[in-house]
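Participant: The structure follows.
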Amino acid sequence: MSLNNAEATDTALPEEKKRTLRQRLLILFTHIYLFPLAIVAVFPLYWLMSTSVKFRGNILRFPPQWFPDPVTIENYQRLFITNPFEIWYFNSLVITISATLGATLSASLVAYGFARLHFVGRNVWFAIVLATLMVPESVLIIPRFALMRFFGWIDTWIPLILPFFLGGGAFNIFLLRQFFRTIPLELDEAAKIDGASNLRIYWQILLPNLKPVLAVVVVFTAIFNWNSFMSPLVFINTTEKLPVAVGIQMVLAGSQAGPGNTGAMMAASTLITIPVIMLFAFSQKYFMQGIVLTGLSGR
Amino acid sequence: MSENLAAAVSPNQTLRGGRIRVALRKNFGGYLFIMPWLVGFFLFEAGPLLGAVGLSFVDWKFVGPPNWVGLENYQEMFGNELFYTSLYNTFYYTFIAVGAQLVVALIAAMVINQRVWGINFYRVAFFIPSIVPAVGLAYLWMWIYNPEFGLLNAVFDAISLPRQRWIYLPQYAKLAYIFMSLWGVGGTMVIFLAGLQGIPEVLYEAASIDGAAWWARFRFVTIPMLTPVIFFNLVLGIIGSFQIFTAGFLMTNGSPQHSTLFYVLYLYRSAFEDLQFGYASALAWVLFLIVVFFTLIQFRLSGRWVYYEN
């Protein structure tokens, strides 16, 4: 495979405008084995969406119907008639947007502190930030539940949103700190001579330079919150307050999850997946870049 | 006398006071900026972590005051068969899944690490399954694994293999979860891709001049240069896999015959279905120690195989 890589890379060099027949064949060969692999990778997603627009009779067929014919929206109708689906969806949007806003603001503030300001114990605290990456959410869920109950916040969105305003996640802090450190210090110093405060340097000088990585933080955090399952499952009881991920589970879990209900399950899963894919599509460039950068951070 | 004393002491004092004031001013800004995290850390991380220790020594059914029971929760845990079952299931899942994920993700990353026209399409295609929400993922794979109408059995039929009951058969259930997890390796793949792109082309050229064929280049250039990224993915993969919950909760909920009762699922059940908060906190602490233990072991062993350029 490395052989292919090396030679394929050579062919893409700009100075080699004219490709030899052998190189053209290699490119063709690459597509010949990549295309089926790509189909296999996205097929389950196609299966999800195509099942969601089939009639029940066509869903429960073996061998399966490969293309939905006829197409129907009855599964979606059933989903909205029997459940407060639009309320769940709206709840998810509000929770996701608030938590993401909080995480971005607070993680960038904290990251600025770690990257630019000198204070006693900075390295120790930063090591602790990194160590918290190791603490599983499931370990904390019971005492957190007791704490939220003590504050009277059970069955509200506060447990789902507030923690993101307080720190915004170790991973985001780490990522943003690395990027603050790539901005030349002269920028801060010039501003300092002009009498700018730290807050002002953070907000007006450095943050605008960090737009790409802020986009990454926003996308990561938004997807994380939209997909979040365990916390809302534990902290929220009232059906009308649930986010969509837990909402569909409440309706479709257990005895109802049989094949007879597949259409509604696929419709619900499609609706919960579409915003994530759309967000990814809009930010694809930054998103990939972000993972690449975080990947390198592991070194 | 007192004046003398005051005179002798005061310059020193003002100096010290001044120093403290300077130190305060120097440190104040930094602490102000990290304050949100500090509050969040003590309130939602350190506090609960210590709280879990306390809770693990009490009997608390959520209503009424907690009742001190000492080590009874731990005794109950180590005497409970389900604890060992869930531990076994989780280890089984974690070690096979993480190993398989690393292999699949690395192969996928190498396949998409080519500069040919349209490569971005393949990158997106391989990556997109990994952002599907866990709930959607669970329902989709339940449907694919459906014994009567499922996609997988249709494929098996087409290639004349016997149909299987997948997640509904104790022997296969965990393997089915592992297979499913391979669909979501996109994140790991892109991290490998980043690592691959960080390997200087010069190294491959030098190896080629020395007559290294593709396997030798893979074995002696790619792998050594990639060890930091492999290490990163290994550590995060193990921490993540230990916590498998949502899929298990939605798809099989521990059945058949407890073969998919994963550790966090058992923990969740003990806490929020049996309302045994003390017992579940003991489970949580043991999980934490296991994760820390495995992470530290990996860091300790990493010196032997991870290669850092500087």
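Ligands are numbered from 1 in the order shown, chains are lettered A, B, ... in the order of the structure tokens, and residues start at 1 in each chain.
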Residues at most 12 Å from Gly169 in chain A, counting only C-alpha atoms, excluding those fewer than 5 positions away in the same chain, as a PyMOL selection string?

Facilitator: (chain A and resi 99-100+102-108+110-111+129-133+135+137+161-164+174-176+217-218+220-221+224-225) or (chain B and resi 36-38+40-41+44-45)

Participant: Can you pull out the residues contacting range 53-69 of chain B? Cut-off 7 Å, using only C-alpha atoms, and skip same-chain residues under 4 positions away; I want them as number ranges by chain.

Facilitator: B: 49, 73, 275-279, 281-282, 285

Participant: Those selected residues, please, written with N, CA and C atoms and delivered as an mmCIF file, in the first residue's frame.

Facilitator:
data_model
loop_
_atom_site.group_PDB
_atom_site.id
_atom_site.type_symbol
_atom_site.label_atom_id
_atom_site.label_comp_id
_atom_site.auth_asym_id
_atom_site.auth_seq_id
_atom_site.Cartn_x
_atom_site.Cartn_y
_atom_site.Cartn_z
ATOM 1 N N LEU B 49 -15.864 13.157 42.365
ATOM 2 C CA LEU B 49 -14.958 12.007 42.440
ATOM 3 C C LEU B 49 -14.747 11.598 43.898
ATOM 4 N N ASN B 73 -20.354 -2.635 50.665
ATOM 5 C CA ASN B 73 -20.624 -2.541 49.222
ATOM 6 C C ASN B 73 -19.546 -3.258 48.427
ATOM 7 N N LEU B 275 -31.725 1.483 42.438
ATOM 8 C CA LEU B 275 -31.551 2.572 43.409
ATOM 9 C C LEU B 275 -30.554 2.233 44.524
ATOM 10 N N GLN B 276 -29.492 1.507 44.175
ATOM 11 C CA GLN B 276 -28.437 1.195 45.135
ATOM 12 C C GLN B 276 -27.277 2.144 44.887
ATOM 13 N N PHE B 277 -27.428 3.369 45.378
ATOM 14 C CA PHE B 277 -26.440 4.389 45.048
ATOM 15 C C PHE B 277 -25.077 4.094 45.655
ATOM 16 N N GLY B 278 -25.068 3.563 46.870
ATOM 17 C CA GLY B 278 -23.798 3.240 47.510
ATOM 18 C C GLY B 278 -23.060 2.165 46.729
ATOM 19 N N TYR B 279 -23.773 1.101 46.411
ATOM 20 C CA TYR B 279 -23.176 -0.010 45.678
ATOM 21 C C TYR B 279 -22.667 0.460 44.312
ATOM 22 N N SER B 281 -21.760 3.420 43.486
ATOM 23 C CA SER B 281 -20.587 4.282 43.651
ATOM 24 C C SER B 281 -19.324 3.450 43.844
ATOM 25 N N ALA B 282 -19.464 2.326 44.545
ATOM 26 C CA ALA B 282 -18.322 1.423 44.673
ATOM 27 C C ALA B 282 -17.919 0.918 43.293
ATOM 28 N N TRP B 285 -16.048 3.674 41.501
ATOM 29 C CA TRP B 285 -14.667 3.855 41.911
ATOM 30 C C TRP B 285 -13.751 2.776 41.370
#

Participant: When you draw a straight line from CA of Trp47 in chain A to CA of Leu271 in chain A, how long is it in Å?

Facilitator: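 For CA of Trp47 in chain A relative to CA of Leu271 in chain A, the distance reads 14.0 Å.
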
Participant: Would you list, as a PyMOL selection string, the residues of range 95-174 of chain B that end up in helix (DSSP H, G or I) under DSSP run on this structure's backbone?

Facilitator: chain B and resi 95-111+119-131+134-144+151-158+166-168+170-174

Participant: What's the 9 Å shell around range 234-236 of chain B, counting only C-alpha atoms, without same-chain residues fewer than 4 positions away, as number ranges by chain?

Facilitator: A: 134; B: 98-99, 102, 229-230, 240-241, 294-295, 298-299

Participant: Filtering to C-alpha atoms, could you give me those residues as a JSON list (two decimals), in the first residue's frame?

Facilitator:
[["chain", "number", "residue", "atom", "x", "y", "z"],
["A", 134, "MET", "CA", -8.97, 10.27, 32.06],
["B", 98, "VAL", "CA", -9.60, -1.47, 20.28],
["B", 99, "GLY", "CA", -7.19, -3.84, 18.54],
["B", 102, "LEU", "CA", -6.58, 0.37, 15.33],
["B", 229, "VAL", "CA", -0.13, 8.39, 17.16],
["B", 230, "ILE", "CA", -0.75, 4.68, 17.72],
["B", 240, "GLY", "CA", -13.57, 5.14, 25.52],
["B", 241, "SER", "CA", -14.31, 1.44, 25.09],
["B", 294, "PHE", "CA", -4.53, 0.83, 32.39],
["B", 295, "THR", "CA", -3.63, 4.36, 31.37],
["B", 298, "GLN", "CA", 0.40, 2.19, 28.96],
["B", 299, "PHE", "CA", 2.43, 5.30, 29.76]]

Participant: I'd like the contact shell of range 138-150 of chain A - 10 Å cut-off, only C-alpha atoms, skipping same-chain residues fewer than 3 positions apart - returned as a PyMOL selection string.

Facilitator: (chain A and resi 135+153-156+158-159+230-231+234-235) or (chain B and resi 43-55+62+243-245+263-265+267-268+271-272+277-278+280-288)

Participant: Mind pulling up the distance from CA of Leu250 in chain B to CA of Lys54 in chain A?

Facilitator: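 Separating CA of Lys54 in chain A from CA of Leu250 in chain B is a distance of 23.1 Å.
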
Participant: Which residue is closest to Trp117 in chain B? Choose from A:Leu93, A:Leu185, A:Leu206, A:Leu28 and count only C-alpha atoms.

Facilitator: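 Of all the options, A:Leu28 lies closest to Trp117 in chain B.
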
Participant: Taking only C-alpha atoms into account, which of A:Arg24, A:Lys211, A:Arg177, A:Lys285 comes nearest Ile34 in chain B?

Facilitator: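 Closest candidate: A:Arg177.
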
Participant: Would you work out the distance separating CA of Ile131 in chain B from CA of Gly260 in chain A, expressed in Å to one decimal?

Facilitator: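 Here the two named atoms are 27.0 Å from each other.
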
Participant: For Phe242 in chain B, please output as a ChimeraX atom specification all residues within 9 Å (counting only C-alpha atoms; exclusion window: fewer than 6 positions along the same chain).

Facilitator: /A:136 /B:90-91,93-94,262-264,287,291

Participant: So, with only C-alpha atoms as the atoms that count, which of A:Lys241, A:Asp194, A:Pro212, A:Ala115 lies closest to Gln178 in chain A?

Facilitator: A:Ala115

Participant: Name the residues in contact with Val185 in chain B at a cut-off of 7 Å, using only C-alpha atoms, excluding same-chain residues fewer than 6 positions from it; report them as an MDAnalysis selection string.

Facilitator: chainID B and resid 101 105 130

Participant: Would you mind exporting C-alpha atoms of the selected residues as a CSV table (one decimal), in the first residue's frame?

Facilitator:
chain,number,residue,atom,x,y,z
B,101,GLN,CA,-10.3,-0.5,15.4
B,105,ALA,CA,-8.4,2.7,11.1
B,130,SER,CA,-18.4,8.1,13.0

Participant: Contacts of Ala247 in chain B at 9 Å or less, counting only C-alpha atoms, minus same-chain residues fewer than 5 places along, as a list of chain:residue names?

Facilitator: B:Ala134, B:Val135, B:Leu137, B:Ala138, B:Tyr139, B:Tyr177, B:Thr252, B:Asn253

Participant: Write to file, as a PDB file, in the first residue's frame, the residues of the selection just made, with N, CA and C atoms.

Facilitator:
ATOM      1  N   ALA B 134     -25.183   8.157  18.738  1.00  0.00           N
ATOM      2  CA  ALA B 134     -25.206   6.798  19.276  1.00  0.00           C
ATOM      3  C   ALA B 134     -26.603   6.179  19.231  1.00  0.00           C
ATOM      4  N   VAL B 135     -27.623   6.998  19.421  1.00  0.00           N
ATOM      5  CA  VAL B 135     -28.982   6.464  19.410  1.00  0.00           C
ATOM      6  C   VAL B 135     -29.353   5.981  18.009  1.00  0.00           C
ATOM      7  N   LEU B 137     -27.262   5.179  15.696  1.00  0.00           N
ATOM      8  CA  LEU B 137     -26.368   4.050  15.435  1.00  0.00           C
ATOM      9  C   LEU B 137     -26.952   2.757  16.002  1.00  0.00           C
ATOM     10  N   ALA B 138     -27.441   2.828  17.224  1.00  0.00           N
ATOM     11  CA  ALA B 138     -27.985   1.633  17.878  1.00  0.00           C
ATOM     12  C   ALA B 138     -29.202   1.109  17.113  1.00  0.00           C
ATOM     13  N   TYR B 139     -30.121   1.995  16.765  1.00  0.00           N
ATOM     14  CA  TYR B 139     -31.326   1.536  16.056  1.00  0.00           C
ATOM     15  C   TYR B 139     -30.989   0.987  14.678  1.00  0.00           C
ATOM     16  N   TYR B 177     -21.168  -6.335  18.545  1.00  0.00           N
ATOM     17  CA  TYR B 177     -20.895  -4.963  19.005  1.00  0.00           C
ATOM     18  C   TYR B 177     -19.532  -4.485  18.511  1.00  0.00           C
ATOM     19  N   THR B 252     -29.521  -4.389  23.366  1.00  0.00           N
ATOM     20  CA  THR B 252     -29.790  -5.682  23.994  1.00  0.00           C
ATOM     21  C   THR B 252     -30.042  -5.560  25.485  1.00  0.00           C
ATOM     22  N   ASN B 253     -29.662  -4.422  26.064  1.00  0.00           N
ATOM     23  CA  ASN B 253     -29.826  -4.189  27.498  1.00  0.00           C
ATOM     24  C   ASN B 253     -29.302  -5.363  28.346  1.00  0.00           C
TER      25      ASN B 253
END
